[in-house]
Amino acid sequence: MIEFKDVNYIHSNGIPALKEINLSIKPKTINALVGSNGTGKTTLARHINGLLKPTSGNVLVFGKNTKKISVASLSKRIGMVFQNSNHQLFADTVKNEILFGLNNFETDSQIIKTRFEWALNFFDLKKYENTSPLKLSGGEKKRLCIASVLAWNPEVLILDEPTVGQDQVQKGKMLEFISNLNKQGKTIIIISHDLEFLWSLKPNVIVMTKGKIRKTGKIADIFSDDELLNQTCLMRPQLLDLWMKLNIKREPPADITKAADIIRRISGS
Amino acid sequence: MKEKSIIKFENFSFRYDSSNEFILKDISLEINKNELVILAGPTGCGKSTLLRSIIGLIPHMHSGEYKGRVIVDQLVVNDVKITDLAKKAGFVFQNPENQIFMFSIERDIAFGLENLATNKTVMRERVDSILSLLEIEHLATKAPHELSDGEKQRAALAGILAMQPKILILDEPTSLLDPKTAINFINIVNDLRKKIGMTVVIVEHRLDLVLEIADKLIILSNGKIIENDSPKQVIHHSKQLIPEIGIPVISRLYRNLAKSNYNFDNAIVTVKEMVKEIRGKRTQ
Amino acid sequence: MYWISKGFIFTKVDSLVHKLDPRVKLLISIQFFILALLVSDLIDLAIIFTGIILFANISKIFSKLIRTMLFAVLFSGIILGINIIAGYSFIYSLQIALRFVAIVCSTSIFFLITSPDELEYVLRWFRIPNDLVFAFVTAVRFVPIILMDALQIIDAQKSRGLELEKGNPITRIKNFVPILVPLIVNEVIRSGELAEAMEARCYGVVKKPTVLYELKLNFNDKLAIPFCTSIFILGFFLSI
């Protein structure tokens with residue numbers, strides 16, 4: 001569905017940001033883009049919705065070459081939530097913020113109404129409907145940004161560092177809703193450093209170093225690769241680390257209680 | 001008798017002018033010299049406000065209703081200027097970009113000293129020693145835009161350390177960093193604290209990075225202190241760890257096991273400790 | 001716009017000229033500037049341009065200076081046109097237009113070879129009050145950052161369907177609201193953070209802060225001053 005073929009990208013100042021990227025992202029998958037800052041993750045993501053066009057090579061989205069489509073028409077099907085909520089929020093009310101993108105992409109007033117109500121309620125923003133976005137807390141602003149993007153129901157959702165500044169409860173809610181969106185058939189791409197968060201989602205992982213794709217694979221495989229972990233900024237999520245150090249072959253369960261049961265069993269108590 | 005505490009909050013409450021509610025309610029707290037203290041809590045609970053009250057940004061820059069007293073190294077915060085406190089307590093803010101003012105890193109490190117009319121020779125010595133202490137000599141003549149995020153964070157830290165503060169305050173220093181760079185940074189801070197003797201107060205969400213080295217974990221919720229003890233004590237004793245706090249997964253596992261009478265010598269905050277305990281049990 | 005701005009923004013280059021004391025750089029630029037103002041006939045102008053091009057080559061800033069020159073030439077075309085319409089002779093109008101280009105180039109040269117740091121030292125040397133100098137330094141330091149913020153915001157809003165190139169003039173102006181509002185909000189937040197950081201570094205405690213470096217003329221500077229000044233004086237008398 002999203003394909004990078006021999007993509008190279010050089011910034012206007014001459015510095016190469018992407019080198020020989022070959023990548024295929026399948027529909028209805030959850031994908032994580034990881035790597036230290038400056039390795040090209042955001043640059044790669046911006047090629048997906050056409051904000052950037054490759055210097056050489058091609059990016060094909062839904063079978064079409066991004067060089068030939070406008071950002072607006074790509075964005076209808078690919079929603080991107082930026083890292084800094086303050087870069088997006090501008091309207092006088094939460095209502096108008098959500099309607100902004102909706103009105104740009106939808107013309108049927110009935111659909112607009114339905115989608116607006118859905119976004120407002122799904123993200124727990126009903127009580128702020130007529131409040132200024134500037135008055136919301138950091139976590140609420142992030143929710144609003146995601147709500148205003150999902151309002152127009154894109155098939156693909158790109159999230160840039162969605163958990164920064166969020167506390168554990170907010171992260172839990174985000175995990176839940178990302179899983180739900182994926183079950184509804186959406187393709188998710190997350191750029192994140194939060195390994196515990198990613199571990200819970202069990203995504204396909206794309207590891208980037210210095211503008212190149214270092215490795216792709218299931219998250220369990222990526223984190224079992226000692227050499228990869230040594231050479232990149234990645235670290236193992238704690239449960240997996242514990243399991244590997246105890247030589248337990250199977251993957252640790254997501255649930256702490258189940259993990260505790262296993263520990264009790266192997267300690268013979 | 002030598003005073004052990006270097007920061008004291010006495011029934012401190014604060015309400016911002018723009019709000020009807022008190023964000024901090026009746027805080028009483030003592031932080032001792034050379035302690036490394038972690039301040040954790042849900043977003044919006046008042047952590048940043050508490051930090052800013054140490055250096056005097058509250059109330060002198062952000063006005064509001066101020067009750068009680070905050071005493072920092074024997075100075076009463078409400079009675080002195082921010083800059084008097086800044087000489088004793090260095091504050092490293094969350095975004096390093098907005099703390100680097102000059103075009104070369106070594107000049108920026110000297111910025112605070114220049115503002116205090118420090119002698120040139122002394123400045124040069126201090127800048128050189130900080131550059132080597134933080135291992136950033138190679139960045140000395142570089143411009144801020146040439147630095148990576150981790151390097152900028154160290155440069156911001158360097159600018160504060162140059163002023164030789166007794167207290168170092170860090171507001172979510174790792175939020176923009178990848179895991180390895182984050183750990184590296186925290187370790188640098190901890191090593192420095194031991195080397196030159198500083199009290200360190202850190203607001204941090206990523207507790208898995210800091211619990212091992214902290215002397216105290218203070219949990220703030222809804223403007224009140226609900227926990228104030230060593231991390232291991234908090235993990236062990238706390239009746240109900242509020243769900244918003246990101247207690248390390250390994251500590252959650254510990255609590256789950258401890259509840260069912262799995263015998264532990266100590267509470268667990270790292271994977272290494274857990275492995276040791278379990279291996280010990282297996283050989284029994 | 002971005003392309004043109006490259007003609008006025010300093011970049012680190014390894015050249016003898018870049019290593020000179022900033023006061024010497026200022027002196028050289030002013031000398032070019034004055035000569036450009038004084039010359040009248042085309043032959044003198046040609047000599048000045050040769051001088052500028054030679055100097056730009058020595059300082060390895062020629063490729064950037066070209067951008068300024070082209071920008072100035074475009075502008076000077078307007079000046080040329082206006083003067084001809086006003087009834088002045090072609091030669092005279094051409095002289096005025098080319099002088100304009102020379103003046104713009106001499107200004108550009110200064111900013112291309114002098115870093116913002118050095119600019120600050122020169123301002124301090126002229127005893128400009130500390131607050132003004134600091135305001136200038138902060139502006140130069142953060143304007144590129146603000147520009148980057150603006151680009152980020154434009155990208156974010158484009159991803160929500162904002163199309164800046166479409167629509168009638170009124171729509172186009174309205175389309176700037178989703179860009180200006182977040183930009184202003186961001187920069188207000190940034191200035192708040194900068195103010196806090198300044199306090200944390202004791203800004204304003206003393207009226208006259210000390211400075212880490214001190215401007216000292218070295219051997220090359222002491223050579224350059226009489227050398228350039230003598231060329232200047234020669235040019236000065238030739239042009240009269």
# chains A, B, ... in the order shown; residues from 1 in each chain; ligands from 1

$ interface_residues --of "chain A" --to "chain B" --cutoff "6 Å" --atoms "only C-alpha atoms" --output "PyMOL selection string"
chain A and resi 36+167-169+193+233+242+256+260+267

$ write_last_selection --atoms "N, CA and C atoms" --output "PDB file, in the first residue's frame"
ATOM      1  N   SER A  36      17.637   6.920  16.630  1.00  0.00           N
ATOM      2  CA  SER A  36      17.992   8.155  17.357  1.00  0.00           C
ATOM      3  C   SER A  36      17.474   9.360  16.598  1.00  0.00           C
ATOM      4  N   ASP A 167       1.043  11.103  30.830  1.00  0.00           N
ATOM      5  CA  ASP A 167       1.282  10.228  31.972  1.00  0.00           C
ATOM      6  C   ASP A 167       0.768   8.823  31.665  1.00  0.00           C
ATOM      7  N   GLN A 168       0.970   7.920  32.623  1.00  0.00           N
ATOM      8  CA  GLN A 168       0.705   6.508  32.386  1.00  0.00           C
ATOM      9  C   GLN A 168      -0.738   6.232  31.986  1.00  0.00           C
ATOM     10  N   VAL A 169      -1.670   6.913  32.631  1.00  0.00           N
ATOM     11  CA  VAL A 169      -3.087   6.684  32.329  1.00  0.00           C
ATOM     12  C   VAL A 169      -3.405   7.132  30.903  1.00  0.00           C
ATOM     13  N   HIS A 193      10.110   6.881  20.789  1.00  0.00           N
ATOM     14  CA  HIS A 193      11.235   6.359  21.563  1.00  0.00           C
ATOM     15  C   HIS A 193      10.732   5.477  22.689  1.00  0.00           C
ATOM     16  N   CYS A 233      20.235   3.162  19.421  1.00  0.00           N
ATOM     17  CA  CYS A 233      19.814   3.755  20.684  1.00  0.00           C
ATOM     18  C   CYS A 233      18.763   2.910  21.380  1.00  0.00           C
ATOM     19  N   LEU A 242      14.106  -9.226  31.209  1.00  0.00           N
ATOM     20  CA  LEU A 242      14.093 -10.185  32.314  1.00  0.00           C
ATOM     21  C   LEU A 242      13.969 -11.608  31.782  1.00  0.00           C
ATOM     22  N   ILE A 256       0.850  -8.240  33.656  1.00  0.00           N
ATOM     23  CA  ILE A 256       1.809  -8.391  34.755  1.00  0.00           C
ATOM     24  C   ILE A 256       1.457  -9.585  35.638  1.00  0.00           C
ATOM     25  N   ALA A 260       3.809 -12.629  36.576  1.00  0.00           N
ATOM     26  CA  ALA A 260       4.130 -12.992  37.962  1.00  0.00           C
ATOM     27  C   ALA A 260       3.901 -14.483  38.191  1.00  0.00           C
ATOM     28  N   SER A 267      10.343 -20.254  39.931  1.00  0.00           N
ATOM     29  CA  SER A 267      11.142 -20.176  41.152  1.00  0.00           C
ATOM     30  C   SER A 267      10.770 -21.290  42.110  1.00  0.00           C
TER      31      SER A 267
END

$ interface_residues --of "chain C" --to "chain B" --cutoff "12 Å" --atoms "only C-alpha atoms" --output "PyMOL selection string"
chain C and resi 10-12+115-121+130-131+133-142+144-146+148+186-187+189-214

$ write_last_selection --atoms "N, CA and C atoms" --output "short mmCIF file (atom, residue, chain, number, x, y, z; two decimals), in the first residue's frame"
data_model
loop_
_atom_site.label_atom_id
_atom_site.label_comp_id
_atom_site.auth_asym_id
_atom_site.auth_seq_id
_atom_site.Cartn_x
_atom_site.Cartn_y
_atom_site.Cartn_z
N PHE C 10 25.67 34.50 7.45
CA PHE C 10 27.03 34.06 7.66
C PHE C 10 27.13 32.54 7.65
N THR C 11 28.20 32.02 7.01
CA THR C 11 28.51 30.61 7.16
C THR C 11 30.00 30.48 7.46
N LYS C 12 30.35 29.43 8.17
CA LYS C 12 31.77 29.26 8.53
C LYS C 12 32.57 28.86 7.30
N SER C 115 30.48 36.68 11.64
CA SER C 115 29.51 35.85 12.36
C SER C 115 28.71 36.71 13.33
N PRO C 116 27.53 36.26 13.71
CA PRO C 116 26.73 37.03 14.67
C PRO C 116 27.49 37.30 15.96
N ASP C 117 28.29 36.33 16.38
CA ASP C 117 29.16 36.50 17.54
C ASP C 117 30.06 37.72 17.37
N GLU C 118 30.71 37.79 16.23
CA GLU C 118 31.63 38.89 15.97
C GLU C 118 30.88 40.21 15.87
N LEU C 119 29.69 40.14 15.30
CA LEU C 119 28.86 41.35 15.21
C LEU C 119 28.61 41.90 16.60
N GLU C 120 28.36 40.96 17.52
CA GLU C 120 28.09 41.36 18.89
C GLU C 120 29.31 42.08 19.47
N TYR C 121 30.50 41.51 19.22
CA TYR C 121 31.71 42.14 19.76
C TYR C 121 31.91 43.54 19.21
N ASN C 130 24.16 47.26 26.82
CA ASN C 130 24.10 45.81 26.86
C ASN C 130 22.74 45.24 26.46
N ASP C 131 21.68 45.88 26.94
CA ASP C 131 20.34 45.36 26.63
C ASP C 131 20.07 45.34 25.13
N VAL C 133 22.34 45.25 22.73
CA VAL C 133 23.21 44.23 22.11
C VAL C 133 22.60 42.85 22.30
N PHE C 134 22.13 42.58 23.51
CA PHE C 134 21.55 41.27 23.79
C PHE C 134 20.27 41.04 22.97
N ALA C 135 19.47 42.09 22.82
CA ALA C 135 18.25 41.96 22.02
C ALA C 135 18.63 41.60 20.58
N PHE C 136 19.66 42.25 20.07
CA PHE C 136 20.12 41.97 18.71
C PHE C 136 20.60 40.52 18.58
N VAL C 137 21.43 40.10 19.55
CA VAL C 137 21.97 38.74 19.54
C VAL C 137 20.85 37.70 19.57
N THR C 138 19.88 37.92 20.44
CA THR C 138 18.77 36.99 20.57
C THR C 138 17.98 36.93 19.27
N ALA C 139 17.78 38.09 18.65
CA ALA C 139 17.03 38.11 17.39
C ALA C 139 17.76 37.27 16.33
N VAL C 140 19.04 37.53 16.16
CA VAL C 140 19.79 36.80 15.13
C VAL C 140 19.83 35.31 15.45
N ARG C 141 19.91 34.99 16.72
CA ARG C 141 19.99 33.58 17.12
C ARG C 141 18.67 32.88 16.84
N PHE C 142 17.55 33.56 17.12
CA PHE C 142 16.28 32.85 17.07
C PHE C 142 15.44 33.06 15.82
N PRO C 144 16.17 32.31 12.71
CA PRO C 144 16.13 31.06 11.93
C PRO C 144 15.26 29.98 12.59
N ILE C 145 15.25 29.97 13.91
CA ILE C 145 14.43 28.98 14.63
C ILE C 145 12.95 29.27 14.39
N ILE C 146 12.60 30.55 14.43
CA ILE C 146 11.21 30.93 14.21
C ILE C 146 10.79 30.55 12.79
N MET C 148 11.93 28.09 11.07
CA MET C 148 11.73 26.64 11.05
C MET C 148 10.39 26.27 11.65
N ASN C 186 3.27 30.00 19.62
CA ASN C 186 4.55 29.34 19.88
C ASN C 186 5.62 30.32 20.30
N GLU C 187 5.69 31.45 19.60
CA GLU C 187 6.77 32.37 19.88
C GLU C 187 6.54 33.13 21.18
N ILE C 189 5.13 31.67 23.77
CA ILE C 189 5.58 30.66 24.74
C ILE C 189 7.10 30.64 24.79
N ARG C 190 7.73 30.69 23.62
CA ARG C 190 9.19 30.68 23.57
C ARG C 190 9.77 31.87 24.31
N SER C 191 9.20 33.05 24.11
CA SER C 191 9.78 34.21 24.81
C SER C 191 9.61 34.10 26.31
N GLY C 192 8.51 33.47 26.76
CA GLY C 192 8.36 33.22 28.19
C GLY C 192 9.46 32.31 28.70
N GLU C 193 9.75 31.26 27.92
CA GLU C 193 10.80 30.33 28.35
C GLU C 193 12.17 31.00 28.33
N LEU C 194 12.40 31.83 27.32
CA LEU C 194 13.67 32.55 27.25
C LEU C 194 13.83 33.47 28.46
N ALA C 195 12.74 34.14 28.83
CA ALA C 195 12.81 35.04 29.98
C ALA C 195 13.18 34.27 31.25
N GLU C 196 12.56 33.09 31.42
CA GLU C 196 12.89 32.29 32.60
C GLU C 196 14.36 31.87 32.56
N ALA C 197 14.82 31.45 31.38
CA ALA C 197 16.21 31.01 31.27
C ALA C 197 17.18 32.15 31.52
N MET C 198 16.82 33.35 31.10
CA MET C 198 17.68 34.50 31.34
C MET C 198 17.82 34.78 32.83
N GLU C 199 16.71 34.70 33.54
CA GLU C 199 16.76 34.90 34.99
C GLU C 199 17.62 33.84 35.64
N ALA C 200 17.47 32.61 35.15
CA ALA C 200 18.24 31.51 35.73
C ALA C 200 19.74 31.68 35.50
N ARG C 201 20.11 32.52 34.52
CA ARG C 201 21.53 32.77 34.27
C ARG C 201 21.93 34.17 34.74
N CYS C 202 21.11 34.71 35.63
CA CYS C 202 21.44 35.98 36.29
C CYS C 202 21.57 37.16 35.35
N TYR C 203 20.84 37.16 34.27
CA TYR C 203 20.90 38.30 33.35
C TYR C 203 20.39 39.55 34.06
N GLY C 204 21.11 40.63 33.92
CA GLY C 204 20.65 41.90 34.49
C GLY C 204 21.13 42.19 35.88
N VAL C 205 21.94 41.27 36.46
CA VAL C 205 22.43 41.52 37.81
C VAL C 205 23.39 42.71 37.81
N VAL C 206 24.29 42.73 36.81
CA VAL C 206 25.20 43.87 36.74
C VAL C 206 24.90 44.68 35.48
N LYS C 207 25.27 45.95 35.51
CA LYS C 207 25.00 46.81 34.36
C LYS C 207 25.94 46.49 33.21
N LYS C 208 27.19 46.19 33.54
CA LYS C 208 28.16 45.91 32.48
C LYS C 208 28.73 44.51 32.65
N PRO C 209 28.19 43.55 31.94
CA PRO C 209 28.74 42.21 32.06
C PRO C 209 30.15 42.15 31.47
N THR C 210 30.95 41.20 31.95
CA THR C 210 32.25 40.97 31.33
C THR C 210 32.05 40.08 30.11
N VAL C 211 33.10 39.91 29.33
CA VAL C 211 32.98 39.11 28.12
C VAL C 211 34.11 38.08 28.07
N LEU C 212 33.80 36.89 27.61
CA LEU C 212 34.78 35.80 27.61
C LEU C 212 35.99 36.12 26.73
N TYR C 213 35.70 36.57 25.52
CA TYR C 213 36.81 36.88 24.60
C TYR C 213 37.09 38.37 24.62
N GLU C 214 38.24 38.72 24.20
CA GLU C 214 38.53 40.13 24.03
C GLU C 214 39.04 40.31 22.61
#

$ interface_residues --of "chain C" --to "chain A" --cutoff "12 Å" --atoms "only C-alpha atoms" --output "ChimeraX atom specification"
/C:2-3,6,11,146,148-166,175-190

$ write_last_selection --atoms "C-alpha atoms" --output "mmCIF file, in the first residue's frame"
data_model
loop_
_atom_site.group_PDB
_atom_site.id
_atom_site.type_symbol
_atom_site.label_atom_id
_atom_site.label_comp_id
_atom_site.auth_asym_id
_atom_site.auth_seq_id
_atom_site.Cartn_x
_atom_site.Cartn_y
_atom_site.Cartn_z
ATOM 1 C CA TYR C 2 15.094 31.755 1.196
ATOM 2 C CA TRP C 3 17.453 31.638 -1.757
ATOM 3 C CA LYS C 6 21.573 33.072 1.656
ATOM 4 C CA THR C 11 28.511 30.608 7.160
ATOM 5 C CA ILE C 146 11.206 30.932 14.210
ATOM 6 C CA MET C 148 11.734 26.642 11.048
ATOM 7 C CA ASP C 149 8.706 26.743 13.328
ATOM 8 C CA ALA C 150 6.755 28.499 10.589
ATOM 9 C CA LEU C 151 7.731 25.802 8.085
ATOM 10 C CA GLN C 152 6.653 23.083 10.534
ATOM 11 C CA ILE C 153 3.317 24.792 11.052
ATOM 12 C CA ILE C 154 2.765 25.147 7.320
ATOM 13 C CA ASP C 155 3.456 21.427 6.938
ATOM 14 C CA ALA C 156 1.087 20.560 9.772
ATOM 15 C CA GLN C 157 -1.737 22.590 8.281
ATOM 16 C CA LYS C 158 -1.064 21.332 4.753
ATOM 17 C CA SER C 159 -1.557 17.860 6.190
ATOM 18 C CA ARG C 160 -5.015 18.948 7.296
ATOM 19 C CA GLY C 161 -5.952 20.060 3.829
ATOM 20 C CA LEU C 162 -4.860 23.672 3.846
ATOM 21 C CA GLU C 163 -4.017 24.732 0.318
ATOM 22 C CA LEU C 164 -2.124 27.974 0.275
ATOM 23 C CA GLU C 165 -1.903 28.416 -3.470
ATOM 24 C CA LYS C 166 -5.614 28.177 -4.185
ATOM 25 C CA ASN C 175 -5.571 30.878 4.807
ATOM 26 C CA PHE C 176 -2.787 32.525 6.736
ATOM 27 C CA VAL C 177 -4.727 32.444 9.996
ATOM 28 C CA PRO C 178 -4.010 28.729 10.661
ATOM 29 C CA ILE C 179 -0.347 29.576 10.202
ATOM 30 C CA LEU C 180 -0.053 32.870 12.008
ATOM 31 C CA VAL C 181 -2.007 31.919 15.120
ATOM 32 C CA PRO C 182 0.068 28.864 16.084
ATOM 33 C CA LEU C 183 3.227 30.745 15.126
ATOM 34 C CA ILE C 184 2.431 33.659 17.386
ATOM 35 C CA VAL C 185 1.353 31.354 20.209
ATOM 36 C CA ASN C 186 4.551 29.342 19.877
ATOM 37 C CA GLU C 187 6.769 32.375 19.880
ATOM 38 C CA VAL C 188 5.001 33.922 22.855
ATOM 39 C CA ILE C 189 5.576 30.664 24.735
ATOM 40 C CA ARG C 190 9.188 30.680 23.566
#

$ select_by_dssp --residues "stretch 30-110 of chain A" --states "strand (DSSP E or B)" --output "PyMOL selection string"
chain A and resi 30-34+56-61+64-65+78-81

$ write_last_selection --atoms "N, CA and C atoms" --output "PDB file, in the first residue's frame"
ATOM      1  N   ILE A  30       0.176  -2.281  12.200  1.00  0.00           N
ATOM      2  CA  ILE A  30       0.725  -1.248  13.079  1.00  0.00           C
ATOM      3  C   ILE A  30       2.231  -1.280  12.875  1.00  0.00           C
ATOM      4  N   ASN A  31       2.803  -0.126  12.570  1.00  0.00           N
ATOM      5  CA  ASN A  31       4.235  -0.049  12.297  1.00  0.00           C
ATOM      6  C   ASN A  31       4.895   0.977  13.193  1.00  0.00           C
ATOM      7  N   ALA A  32       6.129   0.683  13.629  1.00  0.00           N
ATOM      8  CA  ALA A  32       6.858   1.649  14.448  1.00  0.00           C
ATOM      9  C   ALA A  32       8.140   2.028  13.741  1.00  0.00           C
ATOM     10  N   LEU A  33       8.426   3.322  13.742  1.00  0.00           N
ATOM     11  CA  LEU A  33       9.643   3.837  13.118  1.00  0.00           C
ATOM     12  C   LEU A  33      10.533   4.290  14.272  1.00  0.00           C
ATOM     13  N   VAL A  34      11.669   3.598  14.449  1.00  0.00           N
ATOM     14  CA  VAL A  34      12.518   3.942  15.590  1.00  0.00           C
ATOM     15  C   VAL A  34      13.937   4.258  15.145  1.00  0.00           C
ATOM     16  N   SER A  56      15.566  11.294  -5.516  1.00  0.00           N
ATOM     17  CA  SER A  56      15.576  10.262  -6.553  1.00  0.00           C
ATOM     18  C   SER A  56      14.824   9.061  -6.009  1.00  0.00           C
ATOM     19  N   GLY A  57      14.301   8.253  -6.911  1.00  0.00           N
ATOM     20  CA  GLY A  57      13.478   7.135  -6.474  1.00  0.00           C
ATOM     21  C   GLY A  57      12.024   7.564  -6.396  1.00  0.00           C
ATOM     22  N   ASN A  58      11.173   6.633  -6.007  1.00  0.00           N
ATOM     23  CA  ASN A  58       9.742   6.939  -5.979  1.00  0.00           C
ATOM     24  C   ASN A  58       9.061   6.438  -4.734  1.00  0.00           C
ATOM     25  N   VAL A  59       8.052   7.181  -4.317  1.00  0.00           N
ATOM     26  CA  VAL A  59       7.198   6.727  -3.236  1.00  0.00           C
ATOM     27  C   VAL A  59       5.812   6.506  -3.823  1.00  0.00           C
ATOM     28  N   LEU A  60       5.306   5.278  -3.655  1.00  0.00           N
ATOM     29  CA  LEU A  60       3.990   4.967  -4.201  1.00  0.00           C
ATOM     30  C   LEU A  60       3.023   4.759  -3.058  1.00  0.00           C
ATOM     31  N   VAL A  61       1.954   5.519  -3.090  1.00  0.00           N
ATOM     32  CA  VAL A  61       0.946   5.415  -2.048  1.00  0.00           C
ATOM     33  C   VAL A  61      -0.378   5.086  -2.710  1.00  0.00           C
ATOM     34  N   LYS A  64      -0.239   5.092  -6.387  1.00  0.00           N
ATOM     35  CA  LYS A  64       0.069   6.290  -7.167  1.00  0.00           C
ATOM     36  C   LYS A  64       1.381   6.913  -6.693  1.00  0.00           C
ATOM     37  N   ASN A  65       2.083   7.549  -7.610  1.00  0.00           N
ATOM     38  CA  ASN A  65       3.349   8.188  -7.311  1.00  0.00           C
ATOM     39  C   ASN A  65       3.110   9.531  -6.605  1.00  0.00           C
ATOM     40  N   ILE A  78      -4.310   9.973   4.358  1.00  0.00           N
ATOM     41  CA  ILE A  78      -3.214   9.755   5.298  1.00  0.00           C
ATOM     42  C   ILE A  78      -3.177  10.904   6.286  1.00  0.00           C
ATOM     43  N   GLY A  79      -3.563  10.634   7.513  1.00  0.00           N
ATOM     44  CA  GLY A  79      -3.575  11.694   8.518  1.00  0.00           C
ATOM     45  C   GLY A  79      -2.272  11.703   9.298  1.00  0.00           C
ATOM     46  N   MET A  80      -1.732  12.903   9.501  1.00  0.00           N
ATOM     47  CA  MET A  80      -0.485  12.988  10.262  1.00  0.00           C
ATOM     48  C   MET A  80      -0.658  13.867  11.487  1.00  0.00           C
ATOM     49  N   VAL A  81      -0.307  13.342  12.644  1.00  0.00           N
ATOM     50  CA  VAL A  81      -0.361  14.133  13.869  1.00  0.00           C
ATOM     51  C   VAL A  81       1.070  14.485  14.257  1.00  0.00           C
TER      52      VAL A  81
END

$ residues_around --residues "stretch 39-53 of chain C" --least-positions-apart "5" --cutoff "9 Å" --atoms "only C-alpha atoms" --output "list in words"
Phe32, Ile34, Ile58, Phe62, Leu65, Ile91, Tyr92, Leu94, Gln95, Ile96, Leu98, Arg99, Ala102, Cys105, Ser106, Ile109, Gly235, Phe236, Leu238, Ser239 and Ile240 of chain C

$ write_last_selection --atoms "C-alpha atoms" --output "compact mmCIF listing (two decimals), in the first residue's frame"
# COMPACT_ATOMS: atom_id res chain seq x y z
CA PHE C 32 33.80 49.46 -0.18
CA ILE C 34 32.08 54.68 0.64
CA ILE C 58 39.69 35.56 -1.59
CA PHE C 62 31.65 34.47 -4.30
CA LEU C 65 27.58 37.06 -3.25
CA ILE C 91 24.38 56.30 -19.18
CA TYR C 92 23.50 58.31 -16.10
CA LEU C 94 22.95 52.98 -15.64
CA GLN C 95 25.51 54.57 -13.32
CA ILE C 96 22.92 55.07 -10.62
CA LEU C 98 25.13 50.00 -10.83
CA ARG C 99 26.05 52.11 -7.80
CA ALA C 102 27.74 47.99 -5.52
CA CYS C 105 27.13 44.10 -2.38
CA SER C 106 29.35 45.89 0.12
CA ILE C 109 29.98 41.24 2.10
CA GLY C 235 40.54 54.79 -4.98
CA PHE C 236 39.20 57.80 -3.14
CA LEU C 238 41.12 58.59 -8.27
CA SER C 239 37.40 58.92 -8.10
CA ILE C 240 37.36 62.59 -7.32

$ residues_around --residues "stretch 31-39 of chain B" --least-positions-apart "4" --cutoff "9 Å" --atoms "only C-alpha atoms" --output "NGL selection string"
:B and (3-9 or 47 or 166-167 or 190 or 193-194 or 197-205 or 207 or 210-211 or 213-220 or 230-231)

$ select_by_dssp --residues "stretch 4-230 of chain C" --states "alpha helix (DSSP H)" --output "PyMOL selection string"
chain C and resi 4-5+22-38+42-58+62-85+90-113+116-125+130-158+169-174+177-200+219-230

$ closest_atom_pairs --of "stretch 41-94 of chain C" --to "stretch 13-29 of chain C" --cutoff "10 Å" --atoms "only C-alpha atoms" --output "Markdown table"
| residue | atom | partner | partner_atom | distance |
| --- | --- | --- | --- | --- |
| C:Ile52 | CA | C:Ser29 | CA | 9.9 |
| C:Phe55 | CA | C:Val17 | CA | 8.8 |
| C:Ala56 | CA | C:Val17 | CA | 9.5 |
| C:Asn57 | CA | C:Ser15 | CA | 9.7 |
| C:Ile58 | CA | C:Ser15 | CA | 7.2 |
| C:Ser59 | CA | C:Val17 | CA | 5.4 |
| C:Lys60 | CA | C:Ser15 | CA | 6.7 |
| C:Ile61 | CA | C:Val13 | CA | 8.2 |

$ write_last_selection --atoms "N, CA and C atoms" --output "short mmCIF file (atom, residue, chain, number, x, y, z; two decimals), in the first residue's frame"
data_model
loop_
_atom_site.label_atom_id
_atom_site.label_comp_id
_atom_site.auth_asym_id
_atom_site.auth_seq_id
_atom_site.Cartn_x
_atom_site.Cartn_y
_atom_site.Cartn_z
N ILE C 52 35.42 44.12 -5.77
CA ILE C 52 34.46 43.33 -4.98
C ILE C 52 34.58 41.85 -5.34
N PHE C 55 37.80 40.34 -3.98
CA PHE C 55 37.69 40.17 -2.53
C PHE C 55 36.80 38.99 -2.20
N ALA C 56 35.69 38.88 -2.93
CA ALA C 56 34.76 37.77 -2.68
C ALA C 56 35.44 36.44 -2.95
N ASN C 57 36.32 36.42 -3.97
CA ASN C 57 37.02 35.17 -4.25
C ASN C 57 38.01 34.80 -3.17
N ILE C 58 38.74 35.82 -2.67
CA ILE C 58 39.69 35.56 -1.59
C ILE C 58 38.95 35.04 -0.36
N SER C 59 37.78 35.63 -0.10
CA SER C 59 37.02 35.19 1.07
C SER C 59 36.15 33.99 0.80
N LYS C 60 36.21 33.45 -0.39
CA LYS C 60 35.45 32.25 -0.75
C LYS C 60 33.94 32.42 -0.56
N ILE C 61 33.46 33.63 -0.73
CA ILE C 61 32.02 33.85 -0.58
C ILE C 61 31.38 34.20 -1.92
#

$ residues_around --residues "B:Gly46" --least-positions-apart "5" --cutoff "10 Å" --atoms "only C-alpha atoms" --output "list in words"
Phe14, Phe22, Ile23, Leu24, Lys25, Ala40, Gly41, Leu51, Arg52, Leu220, Ser221, Asn222, Gly223 and Lys224 of chain B

$ atom_distance --atom1 "atom CA of A:Gly38" --atom2 "atom CA of A:Asp221"
24.0 Å

$ closest_residue --among "A:Asn37, A:Trp243, A:Pro253, A:Val164" --to "A:Ile266" --atoms "only C-alpha atoms"
A:Trp243

$ decode --residues "stretch 88-93 of chain B" --atoms "C-alpha atoms" --output "short mmCIF file (atom, residue, chain, number, x, y, z; two decimals), in the first residue's frame"
data_model
loop_
_atom_site.label_atom_id
_atom_site.label_comp_id
_atom_site.auth_asym_id
_atom_site.auth_seq_id
_atom_site.Cartn_x
_atom_site.Cartn_y
_atom_site.Cartn_z
CA LYS B 88 22.58 28.95 44.45
CA ALA B 89 20.09 26.88 42.46
CA GLY B 90 20.67 26.17 38.78
CA PHE B 91 17.58 25.40 36.71
CA VAL B 92 17.81 23.34 33.53
CA PHE B 93 14.57 23.67 31.60
#
